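Asker: Sending over a structure as structure tokens; questions will come in a sec.
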Amino acid sequence: MSAAHVPAILALADGTVFRGRAIGAESASAGEVVFNTAMTGYQEILTDPSYAGQIVTLTYPHVGNTGVNPEDVESKRIFAAGLVVRDLPCIAASWRKMLDLSSYLRDAGVAGIADIDTRQLTRMLREKGAQNGCLMTGTGAADEKKAVEIARAAPSMAGLDLAKVVSCSASYDWTGSTWALGEGYRAEQASRFHVVAYDFGIKHNILRMLAERGCRLTVVPTRMPARDALALKPDGVFLSNGPGDPEPCTYAASAISCSVLPRAPEP
Amino acid sequence: MKFGHHGANHPVLDKDTGQVLITSQNHGFAVDMATLSPNVRVTHVSLFDGSLQGIALTDKPAFSFQGHPEASPGPHDLAYLFDRFVAMMERPALKESA
């Protein structure tokens with residue numbers, strides 16, 4: 001399954017251009033370039049809604065070795081704006097593998113770049129700070145000037161409310177506990193508590209770990225007013241992680257203060 | 001933050017127990033410790049840069065963590081925070097000791 005060499009570039013807002021090989025979809029995307037030092041879990045990272053609007057560089061040099069599977073997802077789709085890796089092995093092998101990483105990215109319309117010096121890129125990000133970048137793959141990859149322009153024109157992460165973009169649009173009930181070898185995802189335990197979980201970009205494993213501990217979960221969208229959430233008579237309210245800048249999420253701050261205040265402990 | 005915390009190997013100190021936990025992290029913004037109200041106490045700090053990682057209210061049953069206790073990917077050192085959340089529901093009158 002040796003794919004033809006398709007060119008790709010990663011252009012940073014400061015004018016630096018990295019040239020490499022395209023993996024995933026042929027497209028152009030812009031976002032804040034960040035680096036992640038995790039050695040495993042690329043599928044969980046790609047599907048973590050907290051990476052919305054970000055191009056993720058993985059510092060671990062071999063990424064994709066075990067392919068992807070339908071179980072290791074942390075949300076309903078890939079949220080990262082792009083993936084940057086040092087080396088994508090030509091063979092992915094795992095008893096759980098259903099697809100290779102490049103096809104997974106391509107099917108999701110997400111671009112990636114391999115064969116660039118991720119150590120150099122990471123050092124730049126660490127010294128200068130995170131900055132915007134543009135990832136261009138395929139025929140567009142010849143136009144470096146345009147890629148730098150797109151990177152410079154991309155909105156700054158500061159002040160960006162992405163929680164409302166990634167949140168669920170309607171409330172839903174969650175069932176399903178954590179994964180175990182030989183069992184897969186286990187059934188929910190008999191529920192002892194009802195928890196309302198605000199979805200600002202929630203990861204499935206939060207819901208699984210709460211379900212494992214006997215929680216029945218109602219996942220609600222970002223903008224549900226606290227009075228509506230409390231009307232569900234939960235035993236607890238959980239506020240999830242999420243992407244972007246928390247500062248513009250004033251609705252979240254209001255929901256937090258309203259759900260905490262009426263539950264003052266008895267003396 | 002300059003380049004945020006993104007990774008699955010970030011050491012965090014639990015100030016209550018003195019334990020160091022290896023945690024999964026993914027954030028580009030953080031809360032300034034100097035801006036906390038008097039009813040908020042610091043429970044966890046990052047051992048990479050000293051930044052704020054965990055808080056608890058002293059007068060209400062509520063707490064918060066900056067990183068990802070659910071890991072996925074990452075080590076399970078912080079799973080006890082989910083136990084704490086459930087324990088608070090078991091004892092609604094649980095009062096955080098300052």
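Residues are referred to by chain and number: the chain letter is A, B, ... according to the order shown in the structure tokens, the number counts from 1 in that chain, and ligands are numbered separately from 1 in the order shown.
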Which residues of chain A sit at most 9 Å from chain B, using only C-alpha atoms? Give each one's shortest atom pair and distance in Å (one decimal place), in chain and ascending residue order, as JSON lines.

Answerer:
{"residue": "A:Val34", "atom": "CA", "partner": "B:Phe3", "partner_atom": "CA", "distance": 7.0}
{"residue": "A:Phe35", "atom": "CA", "partner": "B:His6", "partner_atom": "CA", "distance": 6.5}
{"residue": "A:Asn36", "atom": "CA", "partner": "B:His6", "partner_atom": "CA", "distance": 4.6}
{"residue": "A:Thr37", "atom": "CA", "partner": "B:Gly7", "partner_atom": "CA", "distance": 4.5}
{"residue": "A:Ala38", "atom": "CA", "partner": "B:Gly7", "partner_atom": "CA", "distance": 4.7}
{"residue": "A:Met39", "atom": "CA", "partner": "B:Ala8", "partner_atom": "CA", "distance": 7.7}
{"residue": "A:Thr40", "atom": "CA", "partner": "B:Pro73", "partner_atom": "CA", "distance": 6.8}
{"residue": "A:Gly41", "atom": "CA", "partner": "B:Pro73", "partner_atom": "CA", "distance": 4.9}
{"residue": "A:Tyr42", "atom": "CA", "partner": "B:Pro73", "partner_atom": "CA", "distance": 8.0}
{"residue": "A:Gln43", "atom": "CA", "partner": "B:Pro73", "partner_atom": "CA", "distance": 8.8}
{"residue": "A:Glu44", "atom": "CA", "partner": "B:Pro73", "partner_atom": "CA", "distance": 6.2}
{"residue": "A:Ile45", "atom": "CA", "partner": "B:Pro73", "partner_atom": "CA", "distance": 7.3}
{"residue": "A:Ser50", "atom": "CA", "partner": "B:Asn26", "partner_atom": "CA", "distance": 7.3}
{"residue": "A:Tyr51", "atom": "CA", "partner": "B:Asn26", "partner_atom": "CA", "distance": 8.1}
{"residue": "A:Asp72", "atom": "CA", "partner": "B:Ser72", "partner_atom": "CA", "distance": 8.5}
{"residue": "A:Glu74", "atom": "CA", "partner": "B:Ser72", "partner_atom": "CA", "distance": 7.8}
{"residue": "A:Leu125", "atom": "CA", "partner": "B:Phe3", "partner_atom": "CA", "distance": 6.6}
{"residue": "A:Arg126", "atom": "CA", "partner": "B:Phe3", "partner_atom": "CA", "distance": 6.0}
{"residue": "A:Glu127", "atom": "CA", "partner": "B:Phe3", "partner_atom": "CA", "distance": 8.5}
{"residue": "A:Lys128", "atom": "CA", "partner": "B:Lys2", "partner_atom": "CA", "distance": 7.7}
{"residue": "A:Gly129", "atom": "CA", "partner": "B:Lys2", "partner_atom": "CA", "distance": 4.6}
{"residue": "A:Ala130", "atom": "CA", "partner": "B:Phe3", "partner_atom": "CA", "distance": 4.8}
{"residue": "A:Gln131", "atom": "CA", "partner": "B:Phe3", "partner_atom": "CA", "distance": 8.5}
{"residue": "A:Met157", "atom": "CA", "partner": "B:Gly28", "partner_atom": "CA", "distance": 8.9}
{"residue": "A:Ala158", "atom": "CA", "partner": "B:Phe29", "partner_atom": "CA", "distance": 8.9}
{"residue": "A:Phe193", "atom": "CA", "partner": "B:Met89", "partner_atom": "CA", "distance": 7.5}
{"residue": "A:Lys203", "atom": "CA", "partner": "B:Glu70", "partner_atom": "CA", "distance": 8.2}
{"residue": "A:His204", "atom": "CA", "partner": "B:Glu70", "partner_atom": "CA", "distance": 8.9}
{"residue": "A:Asn205", "atom": "CA", "partner": "B:Glu70", "partner_atom": "CA", "distance": 5.8}
{"residue": "A:Ile206", "atom": "CA", "partner": "B:Glu70", "partner_atom": "CA", "distance": 5.3}
{"residue": "A:Leu207", "atom": "CA", "partner": "B:Glu70", "partner_atom": "CA", "distance": 8.9}
{"residue": "A:Arg208", "atom": "CA", "partner": "B:Glu70", "partner_atom": "CA", "distance": 8.8}
{"residue": "A:Met209", "atom": "CA", "partner": "B:Glu70", "partner_atom": "CA", "distance": 7.0}
{"residue": "A:Leu210", "atom": "CA", "partner": "B:Phe82", "partner_atom": "CA", "distance": 6.7}
{"residue": "A:Arg213", "atom": "CA", "partner": "B:Val86", "partner_atom": "CA", "distance": 7.2}
{"residue": "A:Gly214", "atom": "CA", "partner": "B:Val86", "partner_atom": "CA", "distance": 8.4}
{"residue": "A:Cys215", "atom": "CA", "partner": "B:Val86", "partner_atom": "CA", "distance": 8.2}
{"residue": "A:Asp235", "atom": "CA", "partner": "B:Met89", "partner_atom": "CA", "distance": 5.9}
{"residue": "A:Gly236", "atom": "CA", "partner": "B:Met89", "partner_atom": "CA", "distance": 6.3}
{"residue": "A:Phe238", "atom": "CA", "partner": "B:Phe85", "partner_atom": "CA", "distance": 8.9}
{"residue": "A:Leu239", "atom": "CA", "partner": "B:Ser64", "partner_atom": "CA", "distance": 8.7}
{"residue": "A:Asn241", "atom": "CA", "partner": "B:His68", "partner_atom": "CA", "distance": 7.9}
{"residue": "A:Gly242", "atom": "CA", "partner": "B:His27", "partner_atom": "CA", "distance": 8.8}
{"residue": "A:Pro243", "atom": "CA", "partner": "B:His27", "partner_atom": "CA", "distance": 8.0}
{"residue": "A:Gly244", "atom": "CA", "partner": "B:Gly28", "partner_atom": "CA", "distance": 8.2}
{"residue": "A:Asp245", "atom": "CA", "partner": "B:Phe29", "partner_atom": "CA", "distance": 6.9}
{"residue": "A:Pro246", "atom": "CA", "partner": "B:Phe29", "partner_atom": "CA", "distance": 7.7}
{"residue": "A:Val260", "atom": "CA", "partner": "B:Ala62", "partner_atom": "CA", "distance": 7.0}
{"residue": "A:Leu261", "atom": "CA", "partner": "B:Lys60", "partner_atom": "CA", "distance": 7.6}
{"residue": "A:Arg263", "atom": "CA", "partner": "B:Lys60", "partner_atom": "CA", "distance": 7.3}
{"residue": "A:Ala264", "atom": "CA", "partner": "B:Lys60", "partner_atom": "CA", "distance": 5.4}
{"residue": "A:Pro265", "atom": "CA", "partner": "B:Ala93", "partner_atom": "CA", "distance": 4.5}
{"residue": "A:Glu266", "atom": "CA", "partner": "B:Ala93", "partner_atom": "CA", "distance": 5.3}
{"residue": "A:Pro267", "atom": "CA", "partner": "B:Ala93", "partner_atom": "CA", "distance": 7.5}

Asker: Produce a file of the selected residues containing N, CA and C atoms, as a compact mmCIF listing (two decimals), in the first residue's frame.

Answerer:
# COMPACT_ATOMS: atom_id res chain seq x y z
N VAL A 34 0.37 23.59 17.93
CA VAL A 34 0.79 23.23 19.28
C VAL A 34 1.53 21.90 19.21
N PHE A 35 2.26 21.56 20.27
CA PHE A 35 2.91 20.26 20.28
C PHE A 35 2.44 19.45 21.48
N ASN A 36 2.33 18.13 21.27
CA ASN A 36 1.91 17.21 22.32
C ASN A 36 2.99 16.16 22.48
N THR A 37 3.39 15.91 23.74
CA THR A 37 4.51 15.01 24.01
C THR A 37 4.07 13.58 24.34
N ALA A 38 2.78 13.27 24.20
CA ALA A 38 2.31 11.92 24.51
C ALA A 38 2.95 10.91 23.56
N MET A 39 3.28 9.73 24.10
CA MET A 39 3.92 8.71 23.25
C MET A 39 2.89 7.80 22.60
N THR A 40 1.69 7.79 23.13
CA THR A 40 0.63 6.95 22.57
C THR A 40 -0.66 7.77 22.52
N GLY A 41 -1.67 7.19 21.87
CA GLY A 41 -2.99 7.80 21.94
C GLY A 41 -3.28 8.82 20.88
N TYR A 42 -2.68 8.65 19.68
CA TYR A 42 -2.94 9.66 18.63
C TYR A 42 -4.39 9.72 18.20
N GLN A 43 -5.09 8.59 18.27
CA GLN A 43 -6.50 8.64 17.86
C GLN A 43 -7.35 9.40 18.89
N GLU A 44 -7.04 9.19 20.17
CA GLU A 44 -7.73 9.92 21.22
C GLU A 44 -7.43 11.42 21.12
N ILE A 45 -6.18 11.75 20.78
CA ILE A 45 -5.79 13.16 20.67
C ILE A 45 -6.54 13.82 19.50
N SER A 50 -11.05 19.34 22.54
CA SER A 50 -10.22 20.45 23.01
C SER A 50 -9.18 20.87 21.97
N TYR A 51 -8.96 20.03 20.95
CA TYR A 51 -8.00 20.38 19.89
C TYR A 51 -8.65 21.10 18.72
N ASP A 72 -11.31 3.64 20.01
CA ASP A 72 -10.45 4.60 20.70
C ASP A 72 -10.78 6.06 20.36
N GLU A 74 -12.64 9.71 21.26
CA GLU A 74 -13.05 10.47 22.44
C GLU A 74 -14.24 11.38 22.15
N LEU A 125 8.30 26.42 18.75
CA LEU A 125 7.05 26.70 19.47
C LEU A 125 7.33 26.97 20.95
N ARG A 126 8.32 26.22 21.48
CA ARG A 126 8.63 26.36 22.91
C ARG A 126 9.32 27.68 23.17
N GLU A 127 10.18 28.10 22.26
CA GLU A 127 10.92 29.35 22.48
C GLU A 127 10.10 30.58 22.15
N LYS A 128 9.38 30.53 21.04
CA LYS A 128 8.60 31.71 20.62
C LYS A 128 7.17 31.69 21.13
N GLY A 129 6.70 30.51 21.54
CA GLY A 129 5.31 30.37 21.95
C GLY A 129 4.48 29.82 20.80
N ALA A 130 3.29 29.33 21.12
CA ALA A 130 2.40 28.78 20.09
C ALA A 130 2.06 29.88 19.10
N GLN A 131 2.00 29.54 17.83
CA GLN A 131 1.60 30.53 16.83
C GLN A 131 0.75 29.88 15.76
N MET A 157 -6.19 32.55 18.87
CA MET A 157 -6.94 31.71 19.80
C MET A 157 -7.51 32.55 20.95
N ALA A 158 -6.83 33.66 21.29
CA ALA A 158 -7.30 34.50 22.38
C ALA A 158 -8.64 35.13 21.99
N PHE A 193 -26.39 7.65 41.15
CA PHE A 193 -26.49 9.12 41.10
C PHE A 193 -26.84 9.58 39.70
N LYS A 203 -14.94 14.78 26.60
CA LYS A 203 -14.36 13.55 26.07
C LYS A 203 -15.16 12.36 26.61
N HIS A 204 -15.32 11.36 25.77
CA HIS A 204 -16.13 10.21 26.14
C HIS A 204 -15.61 9.52 27.40
N ASN A 205 -14.29 9.54 27.60
CA ASN A 205 -13.77 8.79 28.75
C ASN A 205 -14.19 9.41 30.09
N ILE A 206 -14.52 10.69 30.08
CA ILE A 206 -15.05 11.31 31.30
C ILE A 206 -16.39 10.65 31.63
N LEU A 207 -17.22 10.53 30.59
CA LEU A 207 -18.55 9.94 30.78
C LEU A 207 -18.43 8.47 31.17
N ARG A 208 -17.47 7.77 30.53
CA ARG A 208 -17.27 6.35 30.85
C ARG A 208 -16.84 6.18 32.30
N MET A 209 -15.92 7.06 32.76
CA MET A 209 -15.41 6.91 34.13
C MET A 209 -16.47 7.26 35.17
N LEU A 210 -17.34 8.19 34.83
CA LEU A 210 -18.44 8.50 35.75
C LEU A 210 -19.47 7.36 35.75
N ARG A 213 -18.56 4.55 37.86
CA ARG A 213 -18.74 4.79 39.29
C ARG A 213 -20.21 4.95 39.67
N GLY A 214 -21.09 4.46 38.81
CA GLY A 214 -22.50 4.43 39.19
C GLY A 214 -23.26 5.71 38.90
N CYS A 215 -22.83 6.48 37.91
CA CYS A 215 -23.55 7.70 37.57
C CYS A 215 -24.38 7.50 36.30
N ASP A 235 -27.79 14.90 41.14
CA ASP A 235 -27.04 14.81 42.40
C ASP A 235 -25.73 15.59 42.29
N GLY A 236 -25.27 15.76 41.04
CA GLY A 236 -24.04 16.51 40.82
C GLY A 236 -24.04 17.12 39.44
N PHE A 238 -21.37 18.22 36.39
CA PHE A 238 -19.99 18.11 35.92
C PHE A 238 -19.78 19.10 34.78
N LEU A 239 -18.66 19.84 34.84
CA LEU A 239 -18.35 20.81 33.78
C LEU A 239 -17.14 20.30 33.03
N ASN A 241 -14.10 19.80 30.02
CA ASN A 241 -13.03 20.50 29.30
C ASN A 241 -13.59 21.09 28.01
N GLY A 242 -12.79 21.85 27.33
CA GLY A 242 -13.22 22.37 26.04
C GLY A 242 -12.14 23.18 25.37
N PRO A 243 -12.34 23.47 24.08
CA PRO A 243 -11.32 24.18 23.29
C PRO A 243 -11.44 25.71 23.40
N GLY A 244 -10.50 26.39 22.77
CA GLY A 244 -10.58 27.85 22.64
C GLY A 244 -10.23 28.57 23.93
N ASP A 245 -10.62 29.82 23.97
CA ASP A 245 -10.36 30.71 25.10
C ASP A 245 -11.57 30.68 26.03
N PRO A 246 -11.38 30.38 27.32
CA PRO A 246 -12.55 30.36 28.21
C PRO A 246 -13.14 31.74 28.49
N VAL A 260 -23.51 25.98 41.55
CA VAL A 260 -22.79 25.76 42.80
C VAL A 260 -23.51 26.46 43.96
N LEU A 261 -23.99 27.66 43.73
CA LEU A 261 -24.54 28.47 44.82
C LEU A 261 -25.73 27.85 45.57
N ARG A 263 -26.40 24.93 46.20
CA ARG A 263 -26.13 23.62 46.82
C ARG A 263 -25.19 23.76 48.01
N ALA A 264 -25.33 24.82 48.71
CA ALA A 264 -24.45 25.04 49.86
C ALA A 264 -24.59 23.90 50.85
N PRO A 265 -23.48 23.44 51.40
CA PRO A 265 -23.55 22.32 52.35
C PRO A 265 -24.27 22.71 53.63
N GLU A 266 -24.91 21.72 54.21
CA GLU A 266 -25.58 22.00 55.49
C GLU A 266 -24.52 22.19 56.57
N PRO A 267 -24.83 22.98 57.58
CA PRO A 267 -23.84 23.25 58.61
C PRO A 267 -23.54 22.00 59.46

Asker: Among region 48-152 of chain A, which ones does DSSP assign to helix (DSSP H, G or I) (computed from the backbone)? Answer as JSON, numbers by chain.

Answerer: {"A": [49, 50, 51, 101, 102, 103, 104, 105, 106, 107, 108, 118, 119, 120, 121, 122, 123, 124, 125, 126, 127, 128, 138, 139, 140, 141, 142, 144, 145, 146, 147, 148, 149, 150, 151, 152]}

Asker: Could you tell me, as a PyMOL selection string, which residues of region 7-238 of chain A DSSP assigns to strand (DSSP E) when given the backbone?

Answerer: chain A and resi 7-12+17-24+28-36+54-58+82-84+111-114+131-137+172-174+179-180+184-185+193-199+215-221+236-238

Asker: What is the distance, in Å and to one decimal place, between CA of Asp87 (chain A) and CA of Ala25 (chain A)?

Answerer: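 CA of Ala25 (chain A) lies 16.8 Å from CA of Asp87 (chain A).
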
Asker: Rounded to one decimal in Å, what is the spacing between CA of Ala30 (chain A) and CA of Gly112 (chain A)?

Answerer: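 Separation of CA of Ala30 (chain A) and CA of Gly112 (chain A): 11.7 Å.
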
Asker: Considering only C-alpha atoms, can you say which of B:Leu78, B:Gly54, B:Gln19, B:Phe48 comes closest to Leu36 (chain B)?

Answerer: B:Gly54

Asker: Which distance in Å separates CA of His44 (chain B) and CA of Val237 (chain A), to one decimal?

Answerer: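 Taking CA of His44 (chain B) and CA of Val237 (chain A), their separation equals 21.0 Å.
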
Asker: Show me, as a PyMOL selection string, the residues that have an atom within 6 Å of region 164-175 of chain A when counting only C-alpha atoms, minus same-chain residues fewer than 2 positions from it.

Answerer: chain A and resi 162+188+199-201+217-221

Asker: Pull N, CA and C atoms from the residues just selected and write them as a PDB file, in the first residue's frame.

Answerer:
ATOM      1  N   LEU A 162     -14.779  28.519  21.230  1.00  0.00           N
ATOM      2  CA  LEU A 162     -14.954  27.309  20.416  1.00  0.00           C
ATOM      3  C   LEU A 162     -15.829  26.278  21.119  1.00  0.00           C
ATOM      4  N   GLU A 188     -22.963  -0.079  31.782  1.00  0.00           N
ATOM      5  CA  GLU A 188     -23.027   0.821  32.926  1.00  0.00           C
ATOM      6  C   GLU A 188     -23.382   0.050  34.198  1.00  0.00           C
ATOM      7  N   ASP A 199     -21.452  19.897  28.255  1.00  0.00           N
ATOM      8  CA  ASP A 199     -20.549  19.551  27.162  1.00  0.00           C
ATOM      9  C   ASP A 199     -19.946  20.823  26.549  1.00  0.00           C
ATOM     10  N   PHE A 200     -18.761  21.188  27.037  1.00  0.00           N
ATOM     11  CA  PHE A 200     -18.017  22.300  26.421  1.00  0.00           C
ATOM     12  C   PHE A 200     -17.002  21.738  25.425  1.00  0.00           C
ATOM     13  N   GLY A 201     -17.087  20.417  25.193  1.00  0.00           N
ATOM     14  CA  GLY A 201     -16.106  19.728  24.353  1.00  0.00           C
ATOM     15  C   GLY A 201     -15.693  18.443  25.062  1.00  0.00           C
ATOM     16  N   LEU A 217     -25.985   9.574  33.368  1.00  0.00           N
ATOM     17  CA  LEU A 217     -25.549  10.882  32.865  1.00  0.00           C
ATOM     18  C   LEU A 217     -26.505  11.500  31.864  1.00  0.00           C
ATOM     19  N   THR A 218     -26.757  12.776  32.043  1.00  0.00           N
ATOM     20  CA  THR A 218     -27.444  13.557  31.030  1.00  0.00           C
ATOM     21  C   THR A 218     -26.449  14.605  30.553  1.00  0.00           C
ATOM     22  N   VAL A 219     -26.075  14.511  29.270  1.00  0.00           N
ATOM     23  CA  VAL A 219     -25.123  15.469  28.705  1.00  0.00           C
ATOM     24  C   VAL A 219     -25.927  16.616  28.113  1.00  0.00           C
ATOM     25  N   VAL A 220     -25.559  17.839  28.487  1.00  0.00           N
ATOM     26  CA  VAL A 220     -26.344  18.993  28.035  1.00  0.00           C
ATOM     27  C   VAL A 220     -25.444  19.984  27.280  1.00  0.00           C
ATOM     28  N   PRO A 221     -26.056  20.744  26.345  1.00  0.00           N
ATOM     29  CA  PRO A 221     -25.268  21.711  25.563  1.00  0.00           C
ATOM     30  C   PRO A 221     -24.772  22.885  26.397  1.00  0.00           C
TER      31      PRO A 221
END

Asker: Considering only C-alpha atoms, return as a list in words whatever protein or nucleic-acid residues lie within 7 Å of Leu12 (chain A), sequence-local ones (same chain, fewer than 6 positions apart) excluded.

Answerer: Asn132, Gly133, Cys134, Val148 and Ala151 of chain A
